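Shown below: target_29.txt, with compact mmCIF, C-alpha atoms.
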# COMPACT_ATOMS: atom_id res chain seq x y z
CA MET A 1 39.54 -81.58 78.98
CA PHE A 2 39.74 -82.51 75.35
CA TYR A 3 37.08 -84.74 73.78
CA ARG A 4 37.68 -86.65 70.59
CA GLY A 5 34.81 -86.93 68.19
CA TYR A 6 33.45 -86.50 64.77
CA GLY A 7 31.11 -83.68 65.59
CA ASP A 8 31.32 -80.03 65.07
CA GLY A 9 30.70 -79.02 68.67
CA ARG A 10 32.89 -76.44 70.27
CA ASP A 11 34.26 -78.91 72.83
CA GLY A 12 34.84 -81.66 70.33
CA ARG A 13 31.90 -83.78 71.46
CA GLU A 14 30.18 -85.95 68.87
CA THR A 15 27.09 -84.23 67.65
CA GLY A 16 26.16 -86.61 64.87
CA PRO A 17 22.54 -87.59 64.21
CA LYS A 18 21.23 -89.10 67.42
CA ARG A 19 18.47 -91.02 65.64
CA GLN A 20 21.05 -92.90 63.60
CA ARG A 21 22.96 -93.86 66.73
CA MET A 22 19.76 -95.06 68.43
CA ILE A 23 18.91 -97.24 65.45
CA GLU A 24 22.37 -98.76 65.43
CA GLN A 25 22.19 -99.48 69.15
CA ALA A 26 18.60 -100.80 69.12
CA PRO A 27 18.15 -104.32 70.50
CA PRO A 28 16.94 -107.13 68.25
CA PRO A 29 13.19 -107.66 67.74
CA GLY A 30 11.35 -109.59 70.40
CA THR A 31 12.91 -107.83 73.41
CA PHE A 32 11.21 -105.53 75.87
CA TYR A 33 10.78 -102.84 73.24
CA GLY A 34 7.91 -104.84 71.82
CA PRO A 35 7.01 -108.04 70.01
CA HIS A 36 8.44 -109.20 66.77
CA PRO A 37 7.11 -107.20 63.79
CA GLY A 38 5.54 -110.38 62.48
CA SER A 39 3.55 -110.96 65.66
CA ALA A 40 -0.25 -110.89 65.43
CA PHE A 41 -0.52 -109.14 68.79
CA MET A 42 -0.74 -105.39 69.06
CA PHE A 43 1.72 -103.73 71.39
CA ASN A 44 -0.06 -101.94 74.22
CA PRO A 45 2.21 -99.72 76.38
CA TYR A 46 -0.34 -99.93 79.21
CA GLY A 47 -0.41 -103.71 79.34
CA PHE A 48 -2.86 -106.40 78.23
CA VAL A 49 -6.53 -105.40 78.34
CA PRO A 50 -8.75 -108.49 78.82
CA PRO A 51 -12.09 -108.82 77.01
CA PRO A 52 -15.26 -107.87 78.93
CA VAL A 53 -16.45 -110.42 81.48
CA PHE A 54 -19.81 -112.11 80.86
CA PRO A 55 -22.02 -110.59 83.62
CA VAL A 56 -23.35 -113.65 85.45
CA VAL A 57 -23.36 -114.71 89.11
CA ARG A 58 -24.39 -117.96 90.80
CA LEU A 59 -26.68 -118.05 93.82
CA ARG A 60 -26.86 -120.83 96.40
CA GLY A 61 -29.24 -121.44 99.30
CA LEU A 62 -32.40 -120.00 97.78
CA PRO A 63 -35.68 -120.44 99.73
CA PHE A 64 -38.27 -122.96 98.61
CA ASP A 65 -40.73 -120.21 97.76
CA CYS A 66 -38.21 -118.20 95.74
CA ALA A 67 -39.50 -116.92 92.42
CA GLU A 68 -37.79 -115.08 89.61
CA LEU A 69 -39.20 -111.78 90.81
CA ASP A 70 -37.72 -112.47 94.26
CA VAL A 71 -34.27 -112.62 92.68
CA VAL A 72 -34.98 -109.35 90.88
CA GLU A 73 -35.97 -107.79 94.20
CA PHE A 74 -32.89 -109.26 95.90
CA PHE A 75 -30.71 -107.46 93.33
CA ARG A 76 -32.79 -104.28 93.43
CA GLY A 77 -31.07 -101.48 91.53
CA LEU A 78 -29.29 -103.86 89.15
CA ASP A 79 -30.41 -104.80 85.65
CA VAL A 80 -31.45 -108.45 85.81
CA VAL A 81 -31.53 -109.90 82.31
CA ASP A 82 -32.17 -113.56 83.12
CA VAL A 83 -32.67 -115.94 86.05
CA LEU A 84 -32.08 -119.67 85.63
CA PHE A 85 -33.04 -122.00 88.49
CA VAL A 86 -30.98 -125.20 88.60
CA HIS A 87 -32.52 -128.66 89.02
CA LYS A 88 -31.15 -132.17 89.32
CA ASN A 89 -33.20 -135.28 88.68
CA ASN A 90 -36.25 -133.05 88.38
CA LYS A 91 -35.69 -131.72 91.91
CA VAL A 92 -34.81 -128.23 93.07
CA THR A 93 -31.25 -127.62 94.22
CA GLY A 94 -31.50 -124.16 95.76
CA GLU A 95 -29.12 -122.76 93.15
CA ALA A 96 -29.64 -120.31 90.32
CA PHE A 97 -27.74 -118.25 87.78
CA CYS A 98 -28.47 -114.55 87.36
CA VAL A 99 -27.36 -112.65 84.26
CA LEU A 100 -26.92 -108.91 84.73
CA GLY A 101 -26.96 -106.01 82.32
CA VAL A 102 -23.26 -105.06 82.34
CA PRO A 103 -20.05 -106.58 83.77
CA LEU A 104 -19.66 -103.73 86.25
CA GLN A 105 -22.81 -104.86 88.06
CA VAL A 106 -21.24 -108.20 88.98
CA ASP A 107 -19.18 -106.52 91.71
CA PHE A 108 -22.30 -104.88 93.12
CA ALA A 109 -24.12 -108.23 93.07
CA LEU A 110 -21.30 -109.83 95.06
CA HIS A 111 -21.96 -107.33 97.87
CA LYS A 112 -25.24 -109.20 98.40
CA ASN A 113 -23.35 -112.34 99.42
CA ARG A 114 -24.76 -113.87 102.64
CA GLN A 115 -27.63 -111.39 102.80
CA ASN A 116 -31.08 -112.68 103.60
CA MET A 117 -33.86 -113.58 101.23
CA GLY A 118 -36.75 -114.28 103.54
CA ARG A 119 -35.38 -116.33 106.43
CA ARG A 120 -32.43 -117.72 104.52
CA TYR A 121 -29.11 -116.15 103.70
CA VAL A 122 -28.09 -116.48 100.08
CA GLU A 123 -24.55 -117.00 98.88
CA VAL A 124 -23.48 -115.18 95.73
CA PHE A 125 -20.48 -116.27 93.65
CA ARG A 126 -18.81 -115.18 90.45
CA SER A 127 -19.63 -117.41 87.51
CA THR A 128 -18.79 -117.69 83.83
CA LYS A 129 -20.60 -117.81 80.52
CA GLN A 130 -19.50 -121.43 80.13
CA GLU A 131 -21.08 -122.44 83.46
CA TYR A 132 -24.29 -120.58 82.61
CA TYR A 133 -24.61 -122.18 79.15
CA LYS A 134 -23.83 -125.59 80.60
CA ALA A 135 -26.65 -125.10 83.11
CA ILE A 136 -29.04 -124.22 80.28
CA ALA A 137 -28.03 -127.37 78.40
CA ASN A 138 -28.56 -129.45 81.53
CA GLU A 139 -32.05 -128.00 82.03
CA VAL A 140 -32.99 -128.81 78.44
CA ALA A 141 -31.63 -132.35 78.88
CA GLU A 142 -33.63 -132.73 82.10
CA SER A 143 -36.81 -131.75 80.31
CA ARG A 144 -36.23 -134.42 77.67
CA VAL A 145 -35.35 -137.17 80.15
CA HIS A 146 -38.23 -136.50 82.54
CA GLY A 147 -40.76 -135.36 79.96
CA THR A 148 -41.17 -132.07 81.77
CA VAL A 149 -42.07 -128.58 80.65
CA THR A 150 -41.92 -125.14 82.09
CA GLY A 151 -44.77 -124.12 84.26
CA GLY A 152 -46.14 -122.96 87.56
CA ASP A 153 -48.02 -124.41 90.48
CA SER A 154 -51.68 -125.30 90.33
CA GLY A 155 -52.57 -121.98 91.83
CA GLY A 156 -50.89 -120.07 89.06
CA GLY A 157 -48.28 -118.59 91.39
CA ARG A 158 -44.63 -118.38 90.50
CA ARG A 159 -42.49 -120.56 92.64
CA GLY A 160 -38.98 -121.82 92.05
CA GLY A 161 -35.60 -122.52 93.48
CA GLY A 162 -35.08 -124.53 96.62
CA GLY A 163 -33.38 -124.33 99.93
CA GLY A 164 -30.09 -125.91 100.81
CA GLY A 165 -30.33 -128.89 98.51
CA GLY A 166 -33.93 -129.56 99.36
CA GLY A 167 -35.86 -132.23 97.54
CA GLY A 168 -39.17 -132.62 95.91
CA VAL A 169 -40.55 -131.22 92.71
CA SER A 170 -41.42 -127.59 93.10
CA GLY A 171 -44.28 -125.98 91.27
CA GLY A 172 -41.88 -123.17 90.54
CA TYR A 173 -41.21 -120.88 87.64
CA SER A 174 -38.06 -120.08 85.74
CA PRO A 175 -37.20 -119.26 82.11
CA ARG A 176 -36.05 -122.80 81.39
CA ARG A 177 -37.62 -124.27 84.52
CA THR A 178 -38.52 -127.96 84.10
CA VAL A 179 -41.29 -129.18 86.36
CA GLN A 180 -43.81 -131.92 85.86
CA ARG A 181 -47.34 -130.79 85.11
CA ALA A 182 -50.49 -132.83 85.45
CA ARG A 183 -51.92 -134.07 82.18
CA SER A 184 -55.24 -132.52 83.11
CA SER A 185 -53.60 -129.10 82.94
CA ASP A 186 -52.62 -129.70 79.32
CA ASP A 187 -56.08 -130.99 78.57
CA GLY A 188 -57.46 -127.82 80.10
CA LYS A 189 -55.44 -125.74 77.67
CA GLU A 190 -56.68 -127.73 74.72
CA ASN A 191 -60.31 -127.56 75.78
CA ALA A 192 -60.28 -123.93 76.91
CA GLU A 193 -62.51 -121.48 75.08
CA HIS A 194 -60.64 -119.08 72.82
CA THR A 195 -61.64 -115.43 72.70
CA GLY A 196 -58.82 -114.21 70.43
CA ILE A 197 -56.50 -113.32 73.33
CA LEU A 198 -53.49 -115.32 74.49
CA ARG A 199 -51.43 -114.84 77.64
CA LEU A 200 -47.68 -115.42 77.40
CA ARG A 201 -45.66 -116.49 80.43
CA GLY A 202 -41.90 -116.78 80.85
CA LEU A 203 -40.77 -113.81 78.75
CA PRO A 204 -37.29 -112.36 79.28
CA PHE A 205 -37.49 -109.16 81.30
CA SER A 206 -35.80 -107.39 78.41
CA ALA A 207 -38.36 -108.58 75.84
CA GLY A 208 -40.32 -105.88 74.07
CA LYS A 209 -43.19 -105.76 71.63
CA GLU A 210 -40.89 -106.27 68.65
CA ASP A 211 -39.61 -109.53 70.14
CA ILE A 212 -43.16 -110.81 70.62
CA LEU A 213 -44.17 -109.77 67.13
CA ASP A 214 -41.19 -111.68 65.78
CA PHE A 215 -42.22 -114.70 67.90
CA PHE A 216 -45.62 -114.61 66.15
CA LYS A 217 -44.21 -113.55 62.79
CA ASP A 218 -46.51 -115.99 60.95
CA PHE A 219 -49.56 -114.05 62.17
CA ASP A 220 -50.85 -110.64 61.22
CA LEU A 221 -50.30 -108.55 64.36
CA SER A 222 -49.55 -104.93 65.16
CA GLU A 223 -47.77 -103.34 68.12
CA ASP A 224 -51.15 -102.18 69.47
CA SER A 225 -52.22 -105.81 69.81
CA VAL A 226 -49.31 -106.66 72.13
CA HIS A 227 -49.45 -105.75 75.83
CA VAL A 228 -46.39 -106.34 78.03
CA THR A 229 -47.44 -106.27 81.69
CA VAL A 230 -45.56 -104.60 84.55
CA ASN A 231 -45.99 -104.62 88.31
CA GLY A 232 -46.85 -101.69 90.54
CA GLU A 233 -43.26 -100.47 90.44
CA GLY A 234 -43.18 -100.49 86.66
CA ARG A 235 -40.99 -103.60 86.40
CA PRO A 236 -41.77 -106.27 83.77
CA THR A 237 -43.56 -109.33 85.16
CA GLY A 238 -42.46 -111.76 82.44
CA ASP A 239 -46.04 -111.95 81.15
CA ALA A 240 -47.72 -110.42 78.13
CA PHE A 241 -51.06 -110.54 76.32
CA VAL A 242 -51.59 -110.68 72.57
CA GLU A 243 -54.87 -109.86 70.83
CA PHE A 244 -55.42 -111.80 67.61
CA ARG A 245 -57.96 -110.96 64.92
CA SER A 246 -60.17 -113.92 65.78
CA ALA A 247 -60.58 -116.85 68.13
CA GLU A 248 -59.60 -119.20 65.31
CA GLU A 249 -56.32 -117.34 64.85
CA SER A 250 -55.47 -117.43 68.56
CA ARG A 251 -56.19 -121.17 68.59
CA ALA A 252 -53.86 -121.62 65.63
CA ALA A 253 -51.18 -119.60 67.44
CA MET A 254 -51.11 -122.20 70.21
CA VAL A 255 -48.64 -124.12 68.04
CA LYS A 256 -46.07 -121.71 69.54
CA ASP A 257 -46.78 -123.01 73.05
CA ARG A 258 -43.50 -124.02 74.77
CA LYS A 259 -41.41 -122.74 71.88
CA MET A 260 -38.25 -120.76 72.42
CA LEU A 261 -37.91 -116.99 72.47
CA GLY A 262 -34.17 -116.51 72.70
CA SER A 263 -33.10 -119.02 75.35
CA ARG A 264 -36.48 -119.17 77.14
CA TYR A 265 -39.45 -121.47 76.87
CA ILE A 266 -42.65 -119.46 76.40
CA GLU A 267 -45.96 -120.82 77.67
CA LEU A 268 -49.24 -119.76 76.06
CA PHE A 269 -52.67 -119.75 77.69
CA PRO A 270 -56.08 -118.84 76.28
CA SER A 271 -57.17 -115.66 78.01
CA SER A 272 -59.96 -113.10 78.01
CA VAL A 273 -60.60 -109.37 77.85
CA GLU A 274 -61.31 -109.33 81.60
CA GLU A 275 -57.97 -110.97 82.47
CA LEU A 276 -56.14 -108.60 80.12
CA GLU A 277 -57.73 -105.50 81.64
CA ASP A 278 -57.10 -106.75 85.17
CA ALA A 279 -53.40 -107.36 84.44
CA LEU A 280 -52.98 -103.93 82.83
CA SER A 281 -54.71 -102.19 85.74
CA ARG A 282 -52.26 -103.69 88.26
CA GLY A 283 -49.38 -101.96 86.49
CA ARG A 284 -50.93 -98.51 86.56

Rewrite the coordinates I just gave you, this time as structure tokens.
Amino acid sequence: MFYRGYGDGRDGRETGPKRQRMIEQAPPPGTFYGPHPGSAFMFNPYGFVPPPVFPVVRLRGLPFDCAELDVVEFFRGLDVVDVLFVHKNNKVTGEAFCVLGVPLQVDFALHKNRQNMGRRYVEVFRSTKQEYYKAIANEVAESRVHGTVTGGDSGGGRRGGGGGGGGGVSGGYSPRRTVQRARSSDDGKENAEHTGILRLRGLPFSAGKEDILDFFKDFDLSEDSVHVTVNGEGRPTGDAFVEFRSAEESRAAMVKDRKMLGSRYIELFPSSVEELEDALSRGR
């Protein structure tokens, strides 16, 4: 069979430059070959790759005696960066937000859905950075409306959360936890004897000595004067002790009481060498 063409092939087929023919036959810009050259988007042959997800989950149905460390234990094996207990009208709601170390851990956290914490089962849901930040803003607004501050119960224990929409003001603890404290407690702080040592409560679990030194950047401190406490398993407790050069300096540092370190309120308490040594011994 005879083939007509312009080429030099033995059978008369066209053997002209294939690249030129492909260019001539190419479809106009904006088709499936890719976006228009003027587009700001980069063509990805493997499809659109979304940005990393903010690693936060929401918990519902927490027990009344739930504390931040209980949430850490509930998500054992995961890197808990922050726990925010949610309140409404200065009352516990039984809900909380938990920020994890990396987005991959969100899927592992969801496997804990409907597992028990004490006698209650806890529901775990996906959440977003917007929901988490909105909850922080609401907690700050609550503290202004009700004149509340972060704190713990009269026994010094850490309590927080709430069960199934329970009511009442809990003496609980949370990074931005807003609970009403008796005025006598504040008076006790002001009248307490200073020994040059302060105890910090409410630190992020990821906080290190450098963060605390930056918190007290107006004071002359060294890393050796900062002690971050851990529990028997080596996990941070959210507390730390700072040794100042004198009792007068530690008293002056109380101006940082209830100030923010990152997104957390930090409470300061006058302490002693005995309390410091006891806290350090529990982490050994």

Atomic separation - CA of Met254 in chain A relative to CA of Val83 in chain A, Å: 25.1 Å

Among A:Val122, A:Leu203, A:Ala135, A:Leu104, Phe85 in chain A is approached most closely, using only C-alpha atoms, by A:Ala135

Within 12 Å of range 255-258 of chain A, which residues of range 183-245 of chain A come that close, and what is the closest atom pair and distance in Å for each? Count all atoms listed in the file and give it as a tab-separated table.
residue	atom	partner	partner_atom	distance
A:Asp186	CA	A:Asp257	CA	10.9
A:Lys189	CA	A:Asp257	CA	10.2
A:Glu190	CA	A:Val255	CA	11.1
A:Leu198	CA	A:Asp257	CA	10.3
A:Arg199	CA	A:Asp257	CA	10.5
A:Leu200	CA	A:Asp257	CA	8.8
A:Arg201	CA	A:Arg258	CA	9.7
A:Gly202	CA	A:Arg258	CA	9.6
A:Leu203	CA	A:Arg258	CA	11.3
A:Ile212	CA	A:Lys256	CA	11.3
A:Asp214	CA	A:Lys256	CA	11.8
A:Phe215	CA	A:Lys256	CA	8.2
A:Phe216	CA	A:Lys256	CA	7.9
A:Lys217	CA	A:Lys256	CA	10.8
A:Asp218	CA	A:Lys256	CA	10.3
A:Phe219	CA	A:Lys256	CA	11.2

Counting all atoms listed in the file, which residue out of A:His111, A:Arg60, A:His194, A:Arg264 sits closest to Glu249 in chain A? A:His194

Select, from A:Phe97, A:Phe125, A:Tyr132, A:Phe241, the residue with the minimum atom-to-atom distance to Leu110 in chain A, counting only C-alpha atoms.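 Between A:Phe97, A:Phe125, A:Tyr132, A:Phe241, the residue approaching Leu110 in chain A most closely is A:Phe125.
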
Mind giving me the straight-line distance from CA of Gly77 in chain A to CA of Ala279 in chain A in Å, one decimal?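 So the answer is 24.2 Å.
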
Pairwise distance for CA of Ser222 in chain A and CA of Ser263 in chain A, rounded to one decimal in Å: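 Going from CA of Ser222 in chain A over to CA of Ser263 in chain A, I get 23.9 Å.
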
Among listed residues A:Asn90, A:Thr195, A:Asn231, A:Ser272, nearest Ala247 in chain A (using all atoms listed in the file):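 Nearest to Ala247 in chain A: A:Thr195.
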
Between A:Arg58, A:Ala240, A:Val99, A:Ala137, which has the minimum distance to Glu123 in chain A (counting all atoms listed in the file)? A:Arg58

For each of A:Glu131, A:Glu243, A:Glu233, A:Glu248, take the minimum atom-to-atom distance to Glu73 in chain A, counting all atoms listed in the file, then give the residue where this is smallest.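 Of A:Glu131, A:Glu243, A:Glu233, A:Glu248, the one nearest Glu73 in chain A, counting all atoms listed in the file, is A:Glu233.
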
Determine, counting all atoms listed in the file, which protein, DNA and RNA residues have an atom within 7 Å of an atom of Pro103 in chain A; residues of the same chain fewer than 3 positions away are not included. Present the result as a tab-separated table (two decimals) with C-alpha atoms, keeping the file's coordinate frame.
chain	number	residue	atom	x	y	z
A	52	PRO	CA	-15.26	-107.87	78.93
A	53	VAL	CA	-16.45	-110.42	81.48
A	54	PHE	CA	-19.81	-112.11	80.86
A	55	PRO	CA	-22.02	-110.59	83.62
A	106	VAL	CA	-21.24	-108.20	88.98

Please, could N, CA and C atoms be added to range 258-283 of chain A and the result written as a PDB file, in the coordinates of the input?
ATOM      1  N   ARG A 258     -44.752-123.374  74.336  1.00  0.00           N
ATOM      2  CA  ARG A 258     -43.500-124.020  74.770  1.00  0.00           C
ATOM      3  C   ARG A 258     -42.388-123.931  73.737  1.00  0.00           C
ATOM      4  N   LYS A 259     -42.502-123.002  72.815  1.00  0.00           N
ATOM      5  CA  LYS A 259     -41.410-122.740  71.880  1.00  0.00           C
ATOM      6  C   LYS A 259     -40.450-121.749  72.507  1.00  0.00           C
ATOM      7  N   MET A 260     -39.305-121.591  71.863  1.00  0.00           N
ATOM      8  CA  MET A 260     -38.250-120.760  72.420  1.00  0.00           C
ATOM      9  C   MET A 260     -38.317-119.322  71.913  1.00  0.00           C
ATOM     10  N   LEU A 261     -38.146-118.383  72.819  1.00  0.00           N
ATOM     11  CA  LEU A 261     -37.910-116.990  72.470  1.00  0.00           C
ATOM     12  C   LEU A 261     -36.539-116.673  73.061  1.00  0.00           C
ATOM     13  N   GLY A 262     -35.539-116.604  72.206  1.00  0.00           N
ATOM     14  CA  GLY A 262     -34.170-116.510  72.700  1.00  0.00           C
ATOM     15  C   GLY A 262     -33.803-117.829  73.351  1.00  0.00           C
ATOM     16  N   SER A 263     -33.463-117.799  74.627  1.00  0.00           N
ATOM     17  CA  SER A 263     -33.100-119.020  75.350  1.00  0.00           C
ATOM     18  C   SER A 263     -34.187-119.445  76.328  1.00  0.00           C
ATOM     19  N   ARG A 264     -35.394-118.897  76.186  1.00  0.00           N
ATOM     20  CA  ARG A 264     -36.480-119.170  77.140  1.00  0.00           C
ATOM     21  C   ARG A 264     -37.613-119.956  76.482  1.00  0.00           C
ATOM     22  N   TYR A 265     -38.193-120.837  77.272  1.00  0.00           N
ATOM     23  CA  TYR A 265     -39.450-121.470  76.870  1.00  0.00           C
ATOM     24  C   TYR A 265     -40.584-120.472  77.147  1.00  0.00           C
ATOM     25  N   ILE A 266     -41.507-120.352  76.227  1.00  0.00           N
ATOM     26  CA  ILE A 266     -42.650-119.460  76.400  1.00  0.00           C
ATOM     27  C   ILE A 266     -43.925-120.295  76.469  1.00  0.00           C
ATOM     28  N   GLU A 267     -44.691-120.123  77.534  1.00  0.00           N
ATOM     29  CA  GLU A 267     -45.960-120.820  77.670  1.00  0.00           C
ATOM     30  C   GLU A 267     -47.099-119.915  77.219  1.00  0.00           C
ATOM     31  N   LEU A 268     -48.073-120.495  76.545  1.00  0.00           N
ATOM     32  CA  LEU A 268     -49.240-119.760  76.060  1.00  0.00           C
ATOM     33  C   LEU A 268     -50.495-120.302  76.729  1.00  0.00           C
ATOM     34  N   PHE A 269     -51.408-119.390  77.071  1.00  0.00           N
ATOM     35  CA  PHE A 269     -52.670-119.750  77.690  1.00  0.00           C
ATOM     36  C   PHE A 269     -53.795-118.958  77.050  1.00  0.00           C
ATOM     37  N   PRO A 270     -54.911-119.603  76.729  1.00  0.00           N
ATOM     38  CA  PRO A 270     -56.080-118.840  76.280  1.00  0.00           C
ATOM     39  C   PRO A 270     -56.503-117.876  77.392  1.00  0.00           C
ATOM     40  N   SER A 271     -56.819-116.660  77.020  1.00  0.00           N
ATOM     41  CA  SER A 271     -57.170-115.660  78.010  1.00  0.00           C
ATOM     42  C   SER A 271     -58.462-114.953  77.613  1.00  0.00           C
ATOM     43  N   SER A 272     -58.719-113.825  78.264  1.00  0.00           N
ATOM     44  CA  SER A 272     -59.960-113.100  78.010  1.00  0.00           C
ATOM     45  C   SER A 272     -59.720-111.601  78.162  1.00  0.00           C
ATOM     46  N   VAL A 273     -60.692-110.829  77.719  1.00  0.00           N
ATOM     47  CA  VAL A 273     -60.600-109.370  77.850  1.00  0.00           C
ATOM     48  C   VAL A 273     -60.524-108.976  79.315  1.00  0.00           C
ATOM     49  N   GLU A 274     -61.284-109.654  80.170  1.00  0.00           N
ATOM     50  CA  GLU A 274     -61.310-109.330  81.600  1.00  0.00           C
ATOM     51  C   GLU A 274     -59.932-109.554  82.235  1.00  0.00           C
ATOM     52  N   GLU A 275     -59.294-110.680  81.909  1.00  0.00           N
ATOM     53  CA  GLU A 275     -57.970-110.970  82.470  1.00  0.00           C
ATOM     54  C   GLU A 275     -56.941-109.967  81.963  1.00  0.00           C
ATOM     55  N   LEU A 276     -57.042-109.595  80.697  1.00  0.00           N
ATOM     56  CA  LEU A 276     -56.140-108.600  80.120  1.00  0.00           C
ATOM     57  C   LEU A 276     -56.278-107.266  80.839  1.00  0.00           C
ATOM     58  N   GLU A 277     -57.510-106.794  80.990  1.00  0.00           N
ATOM     59  CA  GLU A 277     -57.730-105.500  81.640  1.00  0.00           C
ATOM     60  C   GLU A 277     -57.294-105.509  83.098  1.00  0.00           C
ATOM     61  N   ASP A 278     -57.512-106.645  83.779  1.00  0.00           N
ATOM     62  CA  ASP A 278     -57.100-106.750  85.170  1.00  0.00           C
ATOM     63  C   ASP A 278     -55.575-106.678  85.298  1.00  0.00           C
ATOM     64  N   ALA A 279     -54.856-107.363  84.394  1.00  0.00           N
ATOM     65  CA  ALA A 279     -53.400-107.360  84.440  1.00  0.00           C
ATOM     66  C   ALA A 279     -52.841-105.970  84.125  1.00  0.00           C
ATOM     67  N   LEU A 280     -53.438-105.283  83.172  1.00  0.00           N
ATOM     68  CA  LEU A 280     -52.980-103.930  82.830  1.00  0.00           C
ATOM     69  C   LEU A 280     -53.248-102.946  83.946  1.00  0.00           C
ATOM     70  N   SER A 281     -54.360-103.115  84.656  1.00  0.00           N
ATOM     71  CA  SER A 281     -54.710-102.190  85.740  1.00  0.00           C
ATOM     72  C   SER A 281     -53.749-102.313  86.921  1.00  0.00           C
ATOM     73  N   ARG A 282     -53.180-103.502  87.138  1.00  0.00           N
ATOM     74  CA  ARG A 282     -52.260-103.690  88.260  1.00  0.00           C
ATOM     75  C   ARG A 282     -50.948-102.965  88.028  1.00  0.00           C
ATOM     76  N   GLY A 283     -50.635-102.658  86.783  1.00  0.00           N
ATOM     77  CA  GLY A 283     -49.380-101.960  86.490  1.00  0.00           C
ATOM     78  C   GLY A 283     -49.529-100.471  86.408  1.00  0.00           C
TER      79      GLY A 283
END
